[in-house]
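To keep things clear, I will list the structure first and then write my remarks on it.
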Amino acid sequence: MKYDVILVGGGAAGFFTAINLAEQNKKLRIAILERGKEVLSKVRISGGGRCNVTHACFDPRELVQFYPRGEKELLGPFHQFCSGDTISWFAERGVNLKIEEDGRMFPDTDSSETIINCFLGEAKRLKIDIITGVSVQSFFKKEDTWKLDTSKGGYECCHLVITTGSNPKIWGLMQEQGHSIVEPVPSLFTFNVKDKRIKDLMGIAVPAEVKVKGTKLEASGPLLITHWGMSGPAVLRLSAWGARILADKKYQFCITVNWVPQHSRESIFEDLQEVRKEQSKKNVIKRGLYDLSNRLWERIVLSCDIAEDAKWADLNNKHLQVLSAALTEAEYQVNGKSTFKDEFVTAGGIDLKEINFKTMESRIQDNLYFAGEVMNIDAITGGFNFQNAWTTSYIAALTIANKNGESDEV
């Protein structure tokens, strides 16, 4: 089968590229090849089935700061197609997005099926061929034509777009084409922590500052105690920015947690001296300070060898020093990681130096393009990984449309 453009990978980036390309140049014959039985499977599970489409961050300079890998490279592309453009794109196709308190944006139906139906409907309207169950075995270039060997026979195209996400097999094929692959490691994972101070406290979320001992890694935000250890935005940010460092440590490391962020050990010690004066007859563990939950406060107090029936007046300065440290510099041993929900994100992929980010075309092979997570780009949770997909896909589509001499873009 011969096409003008073939997209390998039937996910978010593949569909967004194909749809924009078909709209900008209606003469092109376009196909999406997907190895699975269904397309858009990651879109379906995104955001717990709601699809976190993008984030309400509209300044490219601010937006790039959410990408541990890709920050520098995405600045130019975000000036061309940013979060506001994503909102408009979906609105023009009858999909309205809403902003939640933390900035995440979802379809107002709270269903990822809304996004999937939009893509499938647009693909059908634009006569894009969607071919599932096709595993690409190899591809090579002969003169100006890409030839693909697949589990369903041979395909040919002038322009080849790789939108397969974190696919080791495709990365291997890219190496055969002369591309370098940055070794993939997990990003966005939670920490496995077994510690009596947090045992059976699952569900408690606390604003916290978290640092990885022996490194410069630190993050702040809500920390969620889970049945396996710790999660929440603070931990996920650490896992994203520290993806390679923590992989080198084989996910065995020590963290320090400040349960009362923006307070130091010294300032807390002074506070506790005042509490001792003002609440001398009150039981120490009965009521949590600093908006900590009573259960967490109780565990922290008891971990300091303070008696369960102790009154504030019973505590000497040494007790207060130990409690101050437990609140601001608590150490926890991390032994392993767990995947964050079903949204597995990988740091690694096509080396960014080998891609022209003005066009999303390979610097090594003509008429070969990349979009989405197949590149060494990843972000923290919150809709940022999808925004990378929309932006890079849009630019790749525009490049191909213009190369073929006809673009309907205004």
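Letters for chains follow the order of the structure tokens (A, B, ...), residue numbers begin at 1 for each chain, and ligand numbers begin at 1 in the order shown.
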Query - 10 Å contact set for A:Thr215, only C-alpha atoms, chain neighbours under 2 positions out, as a count of residues only - result: 9
Just want the 10 Å neighbourhood of stretch 41-58 of chain A, counted on only C-alpha atoms, with same-chain residues fewer than 2 positions away dropped. Output as an mmCIF file with C-alpha atoms, in the first residue's frame.
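Writing done, so here's result-v9.cif:
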data_model
loop_
_atom_site.group_PDB
_atom_site.id
_atom_site.type_symbol
_atom_site.label_atom_id
_atom_site.label_comp_id
_atom_site.auth_asym_id
_atom_site.auth_seq_id
_atom_site.Cartn_x
_atom_site.Cartn_y
_atom_site.Cartn_z
ATOM 1 C CA GLY A 10 -2.104 5.325 16.852
ATOM 2 C CA GLY A 11 -1.960 7.379 20.012
ATOM 3 C CA ALA A 12 -2.543 11.043 20.811
ATOM 4 C CA GLY A 36 -2.486 -2.879 18.992
ATOM 5 C CA LYS A 37 -6.081 -3.890 18.436
ATOM 6 C CA GLU A 38 -7.297 -0.472 19.547
ATOM 7 C CA VAL A 39 -6.084 3.077 18.996
ATOM 8 C CA PRO A 60 5.621 29.380 27.006
ATOM 9 C CA ARG A 61 8.429 30.492 29.335
ATOM 10 C CA GLU A 62 6.492 29.239 32.344
ATOM 11 C CA LEU A 63 5.185 26.147 30.594
ATOM 12 C CA VAL A 64 8.622 24.771 29.684
ATOM 13 C CA PHE A 78 5.259 26.501 22.456
ATOM 14 C CA HIS A 79 5.398 30.004 20.969
ATOM 15 C CA CYS A 82 0.596 26.460 23.186
ATOM 16 C CA SER A 83 -2.098 25.529 25.724
ATOM 17 C CA GLY A 84 -4.470 28.257 24.552
ATOM 18 C CA ASP A 85 -4.239 26.925 21.009
ATOM 19 C CA THR A 86 -5.094 23.447 22.302
ATOM 20 C CA ILE A 87 -8.214 24.800 24.017
ATOM 21 C CA PHE A 90 -10.857 21.287 20.693
ATOM 22 C CA LEU A 97 -12.374 22.009 28.302
ATOM 23 C CA LYS A 98 -12.719 23.065 31.935
ATOM 24 C CA ILE A 99 -10.026 24.224 34.342
ATOM 25 C CA GLU A 100 -9.705 22.617 37.775
ATOM 26 C CA GLU A 101 -8.260 24.338 40.847
ATOM 27 C CA ASP A 102 -4.780 22.919 40.284
ATOM 28 C CA GLY A 103 -4.705 24.075 36.645
ATOM 29 C CA ARG A 104 -5.376 20.709 35.022
ATOM 30 C CA MET A 105 -7.822 20.797 32.129
ATOM 31 C CA PHE A 106 -10.354 18.110 31.255
ATOM 32 C CA PRO A 107 -13.251 17.829 28.823
ATOM 33 C CA ASP A 108 -16.395 19.162 30.505
ATOM 34 C CA THR A 109 -17.885 15.676 30.173
ATOM 35 C CA ASP A 110 -15.179 14.290 32.498
ATOM 36 C CA SER A 111 -14.738 11.446 30.018
ATOM 37 C CA SER A 112 -11.750 10.541 27.865
ATOM 38 C CA GLU A 113 -14.234 9.033 25.396
ATOM 39 C CA THR A 114 -15.099 12.606 24.401
ATOM 40 C CA ILE A 115 -11.531 13.123 23.162
ATOM 41 C CA ILE A 116 -11.390 9.706 21.516
ATOM 42 C CA LYS A 341 -1.522 4.765 38.424
ATOM 43 C CA ASP A 342 -1.564 3.434 34.854
ATOM 44 C CA GLU A 343 0.151 6.491 33.413
ATOM 45 C CA PHE A 344 3.653 5.158 32.897
ATOM 46 C CA THR A 381 1.800 15.056 35.803
ATOM 47 C CA GLY A 382 -0.858 17.645 35.037
ATOM 48 C CA GLY A 383 -1.511 17.566 31.291
ATOM 49 C CA PHE A 384 1.994 18.587 30.246
ATOM 50 C CA ASN A 385 2.916 15.370 28.440
ATOM 51 C CA PHE A 386 -0.184 15.705 26.273
ATOM 52 C CA GLN A 387 0.656 19.344 25.508
ATOM 53 C CA ASN A 388 4.053 18.194 24.233
ATOM 54 C CA TRP A 390 -0.211 18.403 20.616
#
**Report entry** Separation of atom CA of A:Gln365 from atom CA of A:Gly14, in Å and rounded to one decimal
**Finding:**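 We find that atom CA of A:Gln365 and atom CA of A:Gly14 lie 19.4 Å from each other.
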Query - Two-atom distance - atom CA of A:Ile285, atom CA of A:Val257 (Å) - result: 20.0 Å
Fewer than 6 positions away in the same chain doesn't count, so skip those; otherwise give me all residues within 7 Å of stretch 166-169 of chain A, counting only C-alpha atoms, as a PDB file with C-alpha atoms, in the first residue's frame.
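Result saved to around-v4.pdb:
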ATOM      1  CA  THR A 346       9.559   7.275  30.495  1.00  0.00           C
ATOM      2  CA  GLU A 373       7.045  10.906  23.824  1.00  0.00           C
ATOM      3  CA  VAL A 374       9.130   8.950  21.290  1.00  0.00           C
TER       4      VAL A 374
END
Requested in this report: Return the single residue from A:His227, A:Arg35, A:Lys286, A:Lys124 that is closest to A:Thr150, with distances computed using only C-alpha atoms.
Outcome: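 Of all the options, A:Arg35 lies closest to A:Thr150.
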Please give the complete set of residues from stretch 25-185 of chain A that DSSP, run on the backbone, assigns to strand (DSSP E or B), formatted as a short mmCIF file (atom, residue, chain, number, x, y, z; two decimals) with C-alpha atoms, in the first residue's frame.
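File result-v9.cif, as written:
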data_model
loop_
_atom_site.label_atom_id
_atom_site.label_comp_id
_atom_site.auth_asym_id
_atom_site.auth_seq_id
_atom_site.Cartn_x
_atom_site.Cartn_y
_atom_site.Cartn_z
CA ILE A 30 -2.61 9.54 5.04
CA ALA A 31 -2.53 6.34 7.11
CA ILE A 32 -2.07 5.62 10.82
CA LEU A 33 -0.50 2.24 11.62
CA GLU A 34 -1.17 0.91 15.12
CA THR A 54 -3.57 20.13 28.92
CA HIS A 55 -2.73 22.62 31.68
CA ARG A 69 13.74 16.93 29.68
CA LEU A 97 -12.37 22.01 28.30
CA LYS A 98 -12.72 23.07 31.93
CA ILE A 99 -10.03 24.22 34.34
CA ARG A 104 -5.38 20.71 35.02
CA MET A 105 -7.82 20.80 32.13
CA PHE A 106 -10.35 18.11 31.25
CA PRO A 107 -13.25 17.83 28.82
CA ASP A 129 -6.93 5.32 7.01
CA ILE A 130 -6.60 3.71 10.45
CA ILE A 131 -5.00 0.28 10.28
CA THR A 132 -4.73 -1.68 13.54
CA VAL A 136 6.34 -2.57 11.96
CA GLN A 137 9.25 -4.96 11.55
CA SER A 138 11.66 -2.68 9.71
CA PHE A 139 11.82 0.34 7.46
CA PHE A 140 14.36 1.84 5.10
CA LYS A 141 14.62 4.59 2.54
CA LYS A 142 15.01 3.92 -1.18
CA THR A 145 10.47 6.68 -0.65
CA TRP A 146 10.20 5.10 2.79
CA LYS A 147 9.51 1.37 2.62
CA LEU A 148 8.03 -0.38 5.65
CA ASP A 149 7.92 -4.11 6.28
CA THR A 150 5.09 -4.99 8.67
CA GLY A 153 2.77 -6.70 4.39
CA GLY A 154 4.63 -3.79 2.86
CA TYR A 155 3.80 -0.08 2.93
CA GLU A 156 5.37 2.89 1.18
CA CYS A 157 5.28 6.63 1.80
CA CYS A 158 7.11 9.86 1.05
CA HIS A 159 6.88 11.20 4.62
CA LEU A 160 7.22 9.02 7.71
CA VAL A 161 6.14 10.26 11.16
CA ILE A 162 7.07 8.30 14.29
CA ILE A 181 18.68 6.78 21.76
CA VAL A 182 18.97 8.18 25.28
CA GLU A 183 18.57 5.12 27.49
CA PRO A 184 15.04 5.02 28.89
CA VAL A 185 14.39 5.06 32.64
#
Requested in this report: Check the smallest atom-to-atom distance from each of A:Asn317, A:Thr391, A:Asn402, A:Ser231 to A:Phe16 using only C-alpha atoms, then report the winner.
Outcome: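 Checking each of A:Asn317, A:Thr391, A:Asn402, A:Ser231 against A:Phe16, counting only C-alpha atoms, the winner is A:Thr391.
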**Report entry** Residue with smallest distance to A:Thr17 - pool A:His263, A:Ile400, A:Lys216, A:Ser393, counting only C-alpha atoms
**Finding:**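 Closest to A:Thr17 of all the choices is A:Ser393.
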Query raised in the report: Closest to A:Gln175 among A:Pro207, A:Pro68, A:Gly221, A:Gly349, using only C-alpha atoms?
Result: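 Closest residue, counting only C-alpha atoms: A:Gly349.
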Requested in this report: Identify which of the residues A:Ala240, A:Val5, A:Leu296, A:Cys304 lies closest to A:Gly348, counting only C-alpha atoms when measuring atom-to-atom distances.
Outcome: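 The shortest atom-to-atom distance to A:Gly348 comes from A:Ala240.
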Query raised in the report: Excluding same-chain residues fewer than 3 positions from A:Asn335, what lies within 8 Å of it counting only C-alpha atoms, as a PyMOL selection string?
Result: chain A and resi 191-193+251-253
Report task. Measuring atom to atom with only C-alpha atoms, identify which of A:Asp200, A:Glu92, A:Asp291, A:Glu23 is nearest to A:Ile128. Result ->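 With only C-alpha atoms as the atom set, the closest residue is A:Glu23.
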Requested in this report: Grab the atom CA of A:Trp241 to atom CA of A:Ser267 distance for me, in Å with one decimal place.
Outcome: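 Going from atom CA of A:Trp241 over to atom CA of A:Ser267, I get 29.2 Å.
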Report task. Within stretch 63-234 of chain A, find each residue whose DSSP state, derived from the backbone, is alpha helix (DSSP H), and express the selection as a PyMOL selection string. Result -> chain A and resi 63+71-80+83-92+112-125+168-176+233-234
Query raised in the report: Counting only C-alpha atoms, what is within 9 Å of A:Ile300, bar same-chain residues fewer than 4 positions away, as a PyMOL selection string?
Result: chain A and resi 197-198+295-296+304+323+326-327
Report task. Quick one: everything within 12 Å of A:Pro222, counting only C-alpha atoms, minus sequence neighbours fewer than 2 positions away in the same chain. Send it as number ranges by chain. Result -> A: 102, 203-210, 219-220, 224-225, 230-237, 257-261
For C-alpha atoms, I'd like the residues from the last selection saved as a compact mmCIF listing (two decimals), in the first residue's frame.
# COMPACT_ATOMS: atom_id res chain seq x y z
CA ASP A 102 -4.78 22.92 40.28
CA GLY A 203 -5.02 8.74 52.47
CA ILE A 204 -3.48 11.51 54.55
CA ALA A 205 -2.17 14.34 52.36
CA VAL A 206 0.09 17.04 53.78
CA PRO A 207 1.91 20.02 52.19
CA ALA A 208 5.57 19.09 52.55
CA GLU A 209 9.11 19.72 51.37
CA VAL A 210 10.99 16.58 50.30
CA ALA A 219 10.47 19.42 45.67
CA SER A 220 7.52 20.82 47.55
CA LEU A 224 0.20 11.68 49.97
CA ILE A 225 0.73 8.74 52.32
CA MET A 230 4.56 8.04 49.61
CA SER A 231 3.06 9.67 46.54
CA GLY A 232 1.51 13.02 45.65
CA PRO A 233 2.83 15.96 43.62
CA ALA A 234 5.95 16.49 45.75
CA VAL A 235 7.11 12.89 45.27
CA LEU A 236 6.15 12.79 41.58
CA ARG A 237 8.12 15.97 40.91
CA VAL A 257 10.64 15.35 54.82
CA ASN A 258 9.69 18.71 56.26
CA TRP A 259 6.09 18.25 57.36
CA VAL A 260 5.78 21.97 58.12
CA PRO A 261 7.13 23.63 54.94
